[in-house]
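Shown next: protein19.cif, given as mmCIF, C-alpha atoms.
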data_query
loop_
_atom_site.label_atom_id
_atom_site.label_comp_id
_atom_site.auth_asym_id
_atom_site.auth_seq_id
_atom_site.Cartn_x
_atom_site.Cartn_y
_atom_site.Cartn_z
CA MET J 1 43.40 120.74 43.30
CA VAL J 2 43.04 120.95 39.51
CA SER J 3 42.03 124.45 38.45
CA GLN J 4 42.25 124.10 34.66
CA MET J 5 40.11 122.20 32.18
CA ARG J 6 40.72 120.96 28.66
CA VAL J 7 38.75 122.51 25.81
CA MET J 8 38.74 122.49 22.02
CA GLU J 9 38.37 126.07 20.86
CA LEU J 10 37.78 127.74 17.49
CA PRO J 11 40.42 130.47 17.09
CA GLY J 12 38.86 132.11 14.04
CA VAL J 13 36.58 131.68 11.04
CA GLY J 14 37.80 129.02 8.64
CA GLN J 15 40.36 127.64 11.08
CA ALA J 16 40.71 124.23 12.67
CA LEU J 17 39.88 123.75 16.32
CA ARG J 18 42.81 123.73 18.71
CA ALA J 19 43.38 122.21 22.13
CA ALA J 20 43.60 124.73 24.95
CA SER J 21 43.30 125.06 28.72
CA ARG J 22 40.80 127.30 30.46
CA PRO J 23 40.14 127.93 34.15
CA ILE J 24 37.39 125.69 35.49
CA PRO J 25 34.47 128.15 35.75
CA GLU J 26 32.81 128.93 39.07
CA PRO J 27 29.01 129.13 39.08
CA GLY J 28 27.46 132.45 39.99
CA PRO J 29 24.01 133.02 41.49
CA GLY J 30 21.44 130.85 39.73
CA GLU J 31 24.09 128.95 37.78
CA VAL J 32 25.14 125.33 37.71
CA ARG J 33 28.48 123.91 36.67
CA LEU J 34 28.19 120.63 34.82
CA ARG J 35 30.84 118.06 34.16
CA VAL J 36 30.31 117.33 30.48
CA GLU J 37 29.78 113.62 29.83
CA ALA J 38 29.03 113.81 26.11
CA CYS J 39 28.59 116.42 23.39
CA GLY J 40 27.31 115.74 19.91
CA VAL J 41 29.04 117.25 16.89
CA CYS J 42 26.40 119.01 14.83
CA GLY J 43 26.20 120.73 11.45
CA SER J 44 25.80 123.98 13.37
CA ASP J 45 29.33 123.56 14.71
CA HIS J 46 30.60 123.49 11.13
CA PHE J 47 28.31 126.44 10.33
CA LEU J 48 30.07 128.35 13.12
CA GLN J 49 33.47 127.30 11.79
CA VAL J 50 32.78 128.70 8.31
CA GLY J 51 31.40 131.99 9.62
CA GLY J 52 27.71 131.26 9.19
CA PHE J 53 26.73 133.03 12.42
CA GLY J 54 28.20 136.31 11.22
CA PRO J 55 30.93 138.69 12.35
CA ARG J 56 29.64 139.34 15.86
CA VAL J 57 30.88 136.03 17.24
CA SER J 58 33.83 136.72 19.50
CA MET J 59 36.69 134.27 18.96
CA PRO J 60 38.32 132.18 20.20
CA VAL J 61 35.16 130.42 21.30
CA VAL J 62 34.49 126.88 22.52
CA PRO J 63 31.81 125.25 20.31
CA GLY J 64 29.40 122.55 21.42
CA HIS J 65 25.69 122.85 22.21
CA GLU J 66 24.31 119.29 21.97
CA ALA J 67 25.35 118.17 25.42
CA ALA J 68 24.59 116.24 28.57
CA GLY J 69 26.40 115.96 31.86
CA ARG J 70 26.34 115.72 35.63
CA VAL J 71 25.85 118.55 38.10
CA ASP J 72 29.25 119.37 39.57
CA ALA J 73 28.73 122.60 41.54
CA LEU J 74 25.79 124.85 42.43
CA GLY J 75 25.69 128.63 42.58
CA ASP J 76 23.83 130.60 45.22
CA GLY J 77 20.06 130.32 45.06
CA VAL J 78 19.95 127.07 43.09
CA VAL J 79 17.42 124.62 44.48
CA GLY J 80 16.07 121.30 43.26
CA TRP J 81 19.40 120.00 42.00
CA ALA J 82 22.25 118.16 43.69
CA THR J 83 25.78 117.27 42.67
CA GLY J 84 25.80 114.10 40.61
CA ASP J 85 22.35 114.65 39.08
CA GLN J 86 22.14 113.85 35.37
CA ALA J 87 20.97 116.68 33.12
CA ALA J 88 20.34 117.41 29.48
CA ILE J 89 21.39 120.93 28.57
CA TYR J 90 19.30 123.51 26.73
CA TYR J 91 21.68 125.71 24.77
CA LEU J 92 19.81 129.04 24.73
CA THR J 93 19.22 131.69 27.36
CA THR J 94 17.19 134.89 27.17
CA PRO J 95 16.95 138.00 29.35
CA ALA J 96 14.51 138.11 32.24
CA ARG J 97 10.94 138.86 31.15
CA ASP J 98 11.80 138.24 27.50
CA PRO J 99 8.44 138.30 25.64
CA TRP J 100 9.35 135.50 23.24
CA ALA J 101 10.50 133.23 26.06
CA ALA J 102 7.37 134.09 28.02
CA GLY J 103 5.36 132.92 25.03
CA GLY J 104 7.20 129.59 24.93
CA ARG J 105 9.46 130.54 22.01
CA PRO J 106 12.89 131.40 23.42
CA ASN J 107 14.48 130.03 20.25
CA ILE J 108 13.37 133.05 18.20
CA SER J 109 14.20 135.79 20.70
CA PRO J 110 16.32 138.56 19.13
CA ASP J 111 18.21 138.73 22.44
CA VAL J 112 19.03 135.05 22.71
CA THR J 113 22.45 133.93 23.93
CA ARG J 114 23.69 130.69 22.35
CA MET J 115 25.95 128.25 24.16
CA GLY J 116 28.79 127.31 21.86
CA VAL J 117 28.43 130.49 19.80
CA ASP J 118 27.97 133.56 21.99
CA VAL J 119 29.40 131.93 25.12
CA ASP J 120 31.70 128.96 25.50
CA GLY J 121 30.09 125.59 24.88
CA ALA J 122 30.57 121.95 25.72
CA PHE J 123 33.60 120.93 23.69
CA ALA J 124 35.10 121.05 27.17
CA GLU J 125 35.33 119.17 30.43
CA TYR J 126 32.98 121.59 32.22
CA VAL J 127 30.34 124.09 31.21
CA LEU J 128 28.28 126.70 33.07
CA ARG J 129 24.53 127.02 32.54
CA PRO J 130 21.71 128.86 34.30
CA VAL J 131 19.67 126.40 36.30
CA GLU J 132 16.61 126.93 34.09
CA ALA J 133 18.58 125.51 31.14
CA LEU J 134 18.84 122.08 32.78
CA ILE J 135 16.40 119.31 31.91
CA ARG J 136 16.15 116.31 34.19
CA PRO J 137 15.47 112.97 32.48
CA PRO J 138 12.80 110.98 34.36
CA ALA J 139 15.03 107.89 34.20
CA PRO J 140 18.74 107.37 33.53
CA VAL J 141 19.78 107.75 29.87
CA PRO J 142 23.22 106.86 28.45
CA PRO J 143 25.14 110.17 28.26
CA GLU J 144 25.89 109.95 24.53
CA VAL J 145 22.20 109.26 23.83
CA LEU J 146 21.01 112.08 26.08
CA ALA J 147 23.34 114.47 24.26
CA VAL J 148 22.01 113.73 20.77
CA LEU J 149 18.40 113.79 21.97
CA THR J 150 18.87 117.48 22.78
CA ASP J 151 19.28 118.46 19.12
CA ALA J 152 19.37 115.66 16.55
CA VAL J 153 15.94 114.55 17.77
CA ALA J 154 14.58 117.72 19.38
CA THR J 155 15.06 119.78 16.19
CA PRO J 156 12.85 117.61 13.94
CA ILE J 157 10.33 117.25 16.79
CA HIS J 158 10.06 121.03 16.82
CA GLY J 159 9.67 121.20 13.06
CA LEU J 160 7.10 118.44 12.76
CA LYS J 161 5.07 118.87 15.93
CA ARG J 162 5.11 122.58 16.69
CA ILE J 163 5.73 124.17 13.28
CA ALA J 164 4.14 121.85 10.71
CA ARG J 165 1.60 120.34 13.14
CA LEU J 166 1.86 117.03 11.34
CA ALA J 167 -1.38 115.07 11.75
CA PRO J 168 -2.11 111.33 11.62
CA GLY J 169 -2.90 110.13 8.11
CA GLU J 170 -0.95 112.88 6.37
CA THR J 171 1.92 112.25 3.98
CA LEU J 172 5.32 113.50 5.08
CA VAL J 173 8.37 113.87 2.84
CA VAL J 174 11.70 113.86 4.64
CA LEU J 175 14.19 115.53 2.31
CA GLY J 176 17.65 114.47 3.50
CA VAL J 177 18.28 111.45 5.73
CA GLY J 178 21.15 112.59 7.91
CA GLY J 179 21.23 112.93 11.68
CA LEU J 180 18.07 115.06 11.76
CA GLY J 181 16.36 113.36 8.83
CA SER J 182 16.77 109.86 10.23
CA SER J 183 15.02 111.08 13.38
CA ALA J 184 12.33 112.79 11.28
CA VAL J 185 11.53 109.48 9.55
CA GLN J 186 10.88 107.80 12.89
CA LEU J 187 8.98 110.76 14.29
CA GLY J 188 6.74 110.92 11.23
CA LYS J 189 5.76 107.29 11.77
CA ALA J 190 5.29 107.87 15.51
CA PHE J 191 2.94 110.78 14.72
CA GLY J 192 0.87 108.55 12.41
CA ALA J 193 1.99 109.84 9.01
CA ARG J 194 2.90 108.06 5.80
CA VAL J 195 6.60 108.80 5.33
CA ILE J 196 8.52 109.20 2.07
CA ALA J 197 12.28 109.57 2.55
CA VAL J 198 14.41 111.25 -0.13
CA THR J 199 18.18 110.79 -0.15
CA ARG J 200 21.03 110.26 -2.59
CA SER J 201 22.96 107.79 -0.43
CA VAL J 202 22.30 104.08 -0.83
CA ALA J 203 23.28 103.47 2.80
CA LYS J 204 20.83 106.13 3.95
CA GLN J 205 18.11 104.64 1.77
CA ARG J 206 18.59 101.36 3.60
CA LEU J 207 18.57 103.12 6.96
CA ALA J 208 15.36 104.99 6.14
CA THR J 209 13.70 101.70 5.25
CA ARG J 210 14.89 100.12 8.50
CA LEU J 211 13.58 103.08 10.48
CA GLY J 212 10.10 102.69 9.01
CA ALA J 213 9.85 104.81 5.87
CA ASP J 214 6.91 103.71 3.71
CA ALA J 215 8.75 104.66 0.51
CA VAL J 216 12.27 105.76 -0.32
CA VAL J 217 13.28 107.92 -3.27
CA ALA J 218 16.81 107.41 -4.64
CA ALA J 219 17.50 111.06 -5.48
CA ALA J 220 20.72 110.25 -7.34
CA ASP J 221 18.88 108.07 -9.86
CA VAL J 222 15.53 109.79 -10.46
CA ASP J 223 13.97 113.24 -10.42
CA PRO J 224 12.97 113.42 -6.75
CA VAL J 225 10.13 115.87 -7.33
CA ALA J 226 8.58 113.69 -10.02
CA ALA J 227 9.05 110.62 -7.84
CA VAL J 228 7.30 112.22 -4.87
CA ARG J 229 4.43 113.39 -7.04
CA SER J 230 4.08 109.89 -8.47
CA LEU J 231 4.00 108.41 -4.96
CA THR J 232 1.27 110.88 -3.94
CA GLY J 233 -1.08 110.37 -6.85
CA GLY J 234 0.24 113.45 -8.62
CA HIS J 235 -0.81 115.80 -5.83
CA GLY J 236 2.27 116.23 -3.63
CA ALA J 237 2.79 115.82 0.10
CA ASP J 238 0.96 117.36 3.04
CA VAL J 239 4.23 118.20 4.79
CA VAL J 240 7.80 118.42 3.48
CA ILE J 241 10.62 118.82 5.96
CA GLN J 242 13.80 120.06 4.27
CA LEU J 243 16.97 119.05 6.11
CA VAL J 244 19.68 119.62 3.47
CA GLY J 245 21.91 122.70 3.50
CA ASP J 246 21.39 123.39 -0.19
CA ALA J 247 19.27 126.03 -1.92
CA ARG J 248 18.25 123.60 -4.66
CA ALA J 249 16.70 121.38 -2.00
CA ASP J 250 14.61 124.36 -0.81
CA GLU J 251 13.18 124.67 -4.32
CA GLN J 252 12.56 120.93 -4.53
CA ALA J 253 10.79 120.94 -1.18
CA ILE J 254 8.33 123.58 -2.34
CA ALA J 255 7.74 121.69 -5.59
CA MET J 256 7.03 118.47 -3.66
CA ALA J 257 4.24 119.98 -1.55
CA GLY J 258 0.62 119.46 -2.50
CA PRO J 259 -2.38 121.79 -2.15
CA GLY J 260 -2.52 123.20 1.36
CA GLY J 261 0.89 121.72 2.08
CA ARG J 262 3.37 122.94 4.67
CA VAL J 263 7.06 123.18 3.80
CA VAL J 264 9.36 123.29 6.82
CA LEU J 265 12.84 124.65 6.14
CA ILE J 266 15.52 123.51 8.57
CA GLY J 267 18.50 122.91 6.26
CA ALA J 268 20.72 125.98 6.65
CA ALA J 269 21.61 127.01 3.10
CA LEU J 270 23.36 130.36 2.88
CA GLU J 271 22.50 130.85 -0.80
CA PRO J 272 19.14 132.28 -1.94
CA PHE J 273 16.64 130.08 -3.72
CA SER J 274 14.11 130.96 -6.39
CA VAL J 275 10.37 130.37 -6.34
CA ARG J 276 7.42 132.04 -8.06
CA ALA J 277 4.79 133.56 -5.79
CA ALA J 278 2.17 131.90 -8.01
CA ASP J 279 3.56 128.49 -7.09
CA ILE J 280 2.87 129.27 -3.44
CA PHE J 281 -0.50 131.01 -3.52
CA TRP J 282 -2.00 128.78 -6.20
CA ARG J 283 -1.62 125.78 -3.90
CA GLU J 284 -2.04 127.81 -0.69
CA LEU J 285 1.29 126.55 0.56
CA SER J 286 2.78 127.53 3.90
CA VAL J 287 6.56 127.93 3.76
CA LEU J 288 7.73 127.76 7.36
CA GLY J 289 11.04 128.30 9.07
CA SER J 290 11.91 126.07 12.01
CA ARG J 291 14.76 127.31 14.18
CA GLY J 292 16.23 124.81 16.59
CA PHE J 293 13.98 123.73 19.42
CA VAL J 294 12.59 124.64 22.83
CA PRO J 295 13.03 122.81 26.15
CA ASP J 296 9.76 120.91 25.80
CA ASP J 297 11.06 119.40 22.55
CA ILE J 298 13.95 117.90 24.51
CA ARG J 299 11.53 116.53 27.08
CA ASP J 300 9.48 114.99 24.26
CA ALA J 301 12.62 113.46 22.76
CA ILE J 302 13.64 111.90 26.08
CA GLY J 303 10.16 110.47 26.54
CA LEU J 304 10.10 108.95 23.05
CA TYR J 305 13.50 107.37 23.64
CA LEU J 306 12.55 105.96 27.03
CA ASP J 307 9.31 104.44 25.73
CA GLY J 308 11.18 102.67 22.94
CA THR J 309 9.82 104.72 20.03
CA LEU J 310 13.22 105.97 18.83
CA ASP J 311 16.21 104.00 17.59
CA VAL J 312 19.28 106.23 17.95
CA ARG J 313 22.00 103.61 17.60
CA HIS J 314 23.23 105.09 14.31
CA LEU J 315 23.60 108.52 15.95
CA VAL J 316 25.94 107.32 18.69
CA GLU J 317 28.00 104.66 16.94
CA ARG J 318 31.01 107.00 16.59
CA VAL J 319 32.18 108.16 20.04
CA ARG J 320 35.49 110.03 20.07
CA PRO J 321 37.68 111.65 22.71
CA LEU J 322 37.47 115.43 22.95
CA ALA J 323 40.88 115.82 21.33
CA GLU J 324 39.49 114.39 18.07
CA ALA J 325 36.95 117.18 17.55
CA ASN J 326 38.48 118.17 14.20
CA GLU J 327 38.29 114.61 12.92
CA ALA J 328 34.68 114.44 14.08
CA LEU J 329 33.82 117.61 12.15
CA ASP J 330 35.59 116.29 9.06
CA ASP J 331 33.61 113.05 9.24
CA LEU J 332 30.33 114.94 9.58
CA VAL J 333 30.99 117.29 6.66
CA ALA J 334 32.15 114.40 4.44
CA GLY J 335 29.00 112.41 5.25
CA ARG J 336 30.91 109.51 6.78
CA VAL J 337 28.79 109.61 9.96
CA PHE J 338 25.31 110.69 11.00
CA ARG J 339 26.70 112.13 14.21
CA SER J 340 29.89 111.95 16.22
CA VAL J 341 29.84 112.28 19.97
CA LEU J 342 32.76 113.73 21.90
CA VAL J 343 33.54 112.45 25.37
CA PRO J 344 35.93 114.54 27.52
#

Structure encoded using structure tokens:
Amino acid sequence: MVSQMRVMELPGVGQALRAASRPIPEPGPGEVRLRVEACGVCGSDHFLQVGGFGPRVSMPVVPGHEAAGRVDALGDGVVGWATGDQAAIYYLTTPARDPWAAGGRPNISPDVTRMGVDVDGAFAEYVLRPVEALIRPPAPVPPEVLAVLTDAVATPIHGLKRIARLAPGETLVVLGVGGLGSSAVQLGKAFGARVIAVTRSVAKQRLATRLGADAVVAAADVDPVAAVRSLTGGHGADVVIQLVGDARADEQAIAMAGPGGRVVLIGAALEPFSVRAADIFWRELSVLGSRGFVPDDIRDAIGLYLDGTLDVRHLVERVRPLAEANEALDDLVAGRVFRSVLVP
């Protein structure tokens, strides 16, 4: 019987991933072992690689948090699941009776444990998760699609629905049309907003138009702040969702917001940005952080996919074997893909 599994592990900050073998993990009480069917390659995986999560990460570590699979083995006390069941995977766990988790916000718990950062993730053939981290789709979903729904779609759902509380009839600016931004364009339309997409890439401008954007700003050719203000009658947008890992984009997002506007920061820039307090209080802006997502965001994403609201073809057009994880990261960082999906 095979007792080892293949993984791609990160040996240290700034290093390439390397192929390795690990023992196939055995589930403990309340745990489930999943056979990984697909794992998306996310900007957070590159963030881990460059040391963005800080010095406390113990390496080598197996990245990968945007994953889906099949139940392979059950630990003691697990009920309601059977081997072969399909599951989306929530990547965070918190201690028992955690107050943030009890309030429906496990993503901001100071004691959170992150799959693919604090514990080994899904750039592997198998992964262990507590049973409460499994989400059952109500109907079968292609594995590569289910994987990207857990982050590339769930993250902008969280930012738009739970943080910004985007309302029908409002104007939404999507700053950055990558994997998350392309989902945000579609979600904004699904939530009844007028959507303005801002991107430098001509290909992404075309994609944003295809996905339903009401207007597209070519940021490489014009001042994007001036363009957004022109498109909003000089006032600015009701909601700006910032999805670019660049401090300048944070400043632009705040400048694009109109009176009473909400600016949602998701793009993970490590550099500080500059803004005058007067520019915030004069317009009564809300500058909001949006960190990842919660399990209900994944459920919402699955529902929107199954009812035909979401087009995710561009997120799953590049499926690679697990051994090509480095190439997948290179493609993502270089902007050659919206997402890559690894299949063990």

Next item on the list: Could you please determine the separation between CA of Thr171 in chain J and CA of Ala253 in chain J in Å, to one decimal place?
Entry: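 These atoms are spaced 13.4 Å apart.
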
Next item on the list: Quote the spacing between CA of Gly30 in chain J and CA of Arg6 in chain J in Å to one decimal place.
Entry: 24.3 Å

Margin query: One decimal, in Å: what's the spacing between CA of Gly169 in chain J and CA of Ile280 in chain J?
Written below: 23.1 Å

Check: Between J:Pro272, J:Gly261, J:Pro110, J:Gly292, which has the minimum distance to Leu180 in chain J (counting all atoms listed in the file)?
Finding: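 Checking each of J:Pro272, J:Gly261, J:Pro110, J:Gly292 against Leu180 in chain J, counting all atoms listed in the file, the winner is J:Gly292.
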
Item checked: Polymer residues at most 12 Å from Glu324 in chain J, only C-alpha atoms, same-chain spacing of 5 or more positions, as a ChimeraX atom specification -> /J:7-8,16-19,41,123,318-319,329-331,340-344

Checklist line | Contacts of range 298-312 of chain J within 6 Å, all atoms listed in the file, excl. fewer than 4 positions in-chain, as a list in words | finding: Leu149, Thr150 and Ala154 of chain J

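You can rank J:Ala96, J:Ala203, J:Ala139, J:Val240 by their closest distance to Val185 in chain J using only C-alpha atoms, and at the top of that list sits J:Val240.
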
Margin query: List as a count of residues only the protein and nucleic acid residues near range 233-239 of chain J, meaning an atom at most 12 Å away when only C-alpha atoms are counted, but skip any in the same chain fewer than 2 places from it.
Written below: 53

Notebook entry, point to check: Which one is closest to Val57 in chain J: J:Pro23, J:Pro321, J:Gly12, J:Gly43? Count only C-alpha atoms.
Noted result: J:Gly12

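Closest approach to Gly178 in chain J among J:Gly245, J:Pro138, J:Gly28, J:Pro60 is made by J:Gly245 (distances from only C-alpha atoms).
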
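Considering the residues J:Val333, J:Val13, J:Val127, J:Ala220 and counting all atoms listed in the file, Ser201 in chain J has its shortest atom-to-atom contact with J:Ala220.
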
Next item on the list: Would you mind telling me which residue in J:Pro156, J:Pro137, J:Pro295, J:Gly54 lies nearest to Tyr91 in chain J when using all atoms listed in the file?
Entry: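 For Tyr91 in chain J, the nearest of the candidates is J:Pro295.
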
Tell me, as a tab-separated table (two decimals) with C-alpha atoms, in the frame of the given file, which residues lie within 10 Å of Ala87 in chain J, counting all atoms listed in the file; anything in the same chain fewer than 3 positions away does not count.
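Output file around.tsv follows:
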chain	number	residue	atom	x	y	z
J	34	LEU	CA	28.19	120.63	34.82
J	36	VAL	CA	30.31	117.33	30.48
J	37	GLU	CA	29.78	113.62	29.83
J	67	ALA	CA	25.35	118.17	25.42
J	68	ALA	CA	24.59	116.24	28.57
J	69	GLY	CA	26.40	115.96	31.86
J	70	ARG	CA	26.34	115.72	35.63
J	71	VAL	CA	25.85	118.55	38.10
J	81	TRP	CA	19.40	120.00	42.00
J	84	GLY	CA	25.80	114.10	40.61
J	90	TYR	CA	19.30	123.51	26.73
J	133	ALA	CA	18.58	125.51	31.14
J	134	LEU	CA	18.84	122.08	32.78
J	135	ILE	CA	16.40	119.31	31.91
J	136	ARG	CA	16.15	116.31	34.19
J	137	PRO	CA	15.47	112.97	32.48
J	140	PRO	CA	18.74	107.37	33.53
J	141	VAL	CA	19.78	107.75	29.87
J	143	PRO	CA	25.14	110.17	28.26
J	146	LEU	CA	21.01	112.08	26.08
J	147	ALA	CA	23.34	114.47	24.26

Notebook entry, point to check: Evaluating the PyMOL selection byres ((chain J and resi 111) around 9) on the displayed file yields which residues, as a PyMOL selection string?
Noted result: chain J and resi 93-95+98+108-110+112-113

Emit a file covering range 3-67 of chain J of the preceding structure with C-alpha atoms, as a PDB file, in the first residue's frame.
ATOM      1  CA  SER J   3       2.238   5.400   2.241  1.00  0.00           C
ATOM      2  CA  GLN J   4       3.826   8.493   0.682  1.00  0.00           C
ATOM      3  CA  MET J   5       2.330  11.386  -1.249  1.00  0.00           C
ATOM      4  CA  ARG J   6       3.790  13.923  -3.638  1.00  0.00           C
ATOM      5  CA  VAL J   7       3.906  17.575  -2.582  1.00  0.00           C
ATOM      6  CA  MET J   8       5.423  20.828  -3.777  1.00  0.00           C
ATOM      7  CA  GLU J   9       6.951  22.551  -0.771  1.00  0.00           C
ATOM      8  CA  LEU J  10       8.465  25.981  -0.145  1.00  0.00           C
ATOM      9  CA  PRO J  11      11.857  25.448   1.528  1.00  0.00           C
ATOM     10  CA  GLY J  12      12.428  29.075   2.490  1.00  0.00           C
ATOM     11  CA  VAL J  13      11.584  32.707   1.769  1.00  0.00           C
ATOM     12  CA  GLY J  14      12.557  33.768  -1.730  1.00  0.00           C
ATOM     13  CA  GLN J  15      13.166  30.214  -2.911  1.00  0.00           C
ATOM     14  CA  ALA J  16      11.517  28.166  -5.625  1.00  0.00           C
ATOM     15  CA  LEU J  17       9.166  25.357  -4.700  1.00  0.00           C
ATOM     16  CA  ARG J  18      10.622  21.870  -4.758  1.00  0.00           C
ATOM     17  CA  ALA J  19       9.132  18.425  -5.234  1.00  0.00           C
ATOM     18  CA  ALA J  20       9.129  16.272  -2.122  1.00  0.00           C
ATOM     19  CA  SER J  21       7.476  13.227  -0.561  1.00  0.00           C
ATOM     20  CA  ARG J  22       5.547  13.295   2.684  1.00  0.00           C
ATOM     21  CA  PRO J  23       3.743  10.531   4.584  1.00  0.00           C
ATOM     22  CA  ILE J  24       0.057  10.395   3.692  1.00  0.00           C
ATOM     23  CA  PRO J  25      -1.532  11.964   6.788  1.00  0.00           C
ATOM     24  CA  GLU J  26      -3.966  10.043   8.977  1.00  0.00           C
ATOM     25  CA  PRO J  27      -7.051  11.915  10.177  1.00  0.00           C
ATOM     26  CA  GLY J  28      -7.441  12.389  13.905  1.00  0.00           C
ATOM     27  CA  PRO J  29     -10.701  12.872  15.810  1.00  0.00           C
ATOM     28  CA  GLY J  30     -12.951  15.312  13.971  1.00  0.00           C
ATOM     29  CA  GLU J  31     -10.683  15.407  10.923  1.00  0.00           C
ATOM     30  CA  VAL J  32     -11.158  14.408   7.315  1.00  0.00           C
ATOM     31  CA  ARG J  33      -8.505  13.461   4.806  1.00  0.00           C
ATOM     32  CA  LEU J  34      -9.241  14.703   1.321  1.00  0.00           C
ATOM     33  CA  ARG J  35      -7.754  13.585  -1.937  1.00  0.00           C
ATOM     34  CA  VAL J  36      -6.978  16.900  -3.603  1.00  0.00           C
ATOM     35  CA  GLU J  37      -8.566  17.158  -7.051  1.00  0.00           C
ATOM     36  CA  ALA J  38      -7.607  20.747  -7.837  1.00  0.00           C
ATOM     37  CA  CYS J  39      -5.878  23.695  -6.187  1.00  0.00           C
ATOM     38  CA  GLY J  40      -5.788  27.216  -7.544  1.00  0.00           C
ATOM     39  CA  VAL J  41      -2.552  29.189  -7.571  1.00  0.00           C
ATOM     40  CA  CYS J  42      -3.237  32.518  -5.900  1.00  0.00           C
ATOM     41  CA  GLY J  43      -1.380  35.771  -5.331  1.00  0.00           C
ATOM     42  CA  SER J  44      -1.246  34.811  -1.659  1.00  0.00           C
ATOM     43  CA  ASP J  45       0.979  31.865  -2.569  1.00  0.00           C
ATOM     44  CA  HIS J  46       3.462  34.314  -4.086  1.00  0.00           C
ATOM     45  CA  PHE J  47       3.002  36.569  -1.030  1.00  0.00           C
ATOM     46  CA  LEU J  48       4.063  33.596   1.107  1.00  0.00           C
ATOM     47  CA  GLN J  49       7.025  32.923  -1.160  1.00  0.00           C
ATOM     48  CA  VAL J  50       8.402  36.460  -0.789  1.00  0.00           C
ATOM     49  CA  GLY J  51       7.973  36.502   2.990  1.00  0.00           C
ATOM     50  CA  GLY J  52       4.806  38.563   3.175  1.00  0.00           C
ATOM     51  CA  PHE J  53       3.359  36.529   6.057  1.00  0.00           C
ATOM     52  CA  GLY J  54       6.316  37.336   8.286  1.00  0.00           C
ATOM     53  CA  PRO J  55       9.031  35.391  10.077  1.00  0.00           C
ATOM     54  CA  ARG J  56       6.778  33.099  12.108  1.00  0.00           C
ATOM     55  CA  VAL J  57       5.991  30.812   9.180  1.00  0.00           C
ATOM     56  CA  SER J  58       7.787  27.526   9.727  1.00  0.00           C
ATOM     57  CA  MET J  59       9.449  26.227   6.564  1.00  0.00           C
ATOM     58  CA  PRO J  60       9.507  24.056   4.607  1.00  0.00           C
ATOM     59  CA  VAL J  61       5.759  24.392   4.188  1.00  0.00           C
ATOM     60  CA  VAL J  62       3.368  23.135   1.518  1.00  0.00           C
ATOM     61  CA  PRO J  63       1.406  26.098   0.055  1.00  0.00           C
ATOM     62  CA  GLY J  64      -2.069  25.922  -1.417  1.00  0.00           C
ATOM     63  CA  HIS J  65      -5.354  27.093   0.089  1.00  0.00           C
ATOM     64  CA  GLU J  66      -7.763  27.439  -2.862  1.00  0.00           C
ATOM     65  CA  ALA J  67      -8.722  23.794  -3.090  1.00  0.00           C
TER      66      ALA J  67
END
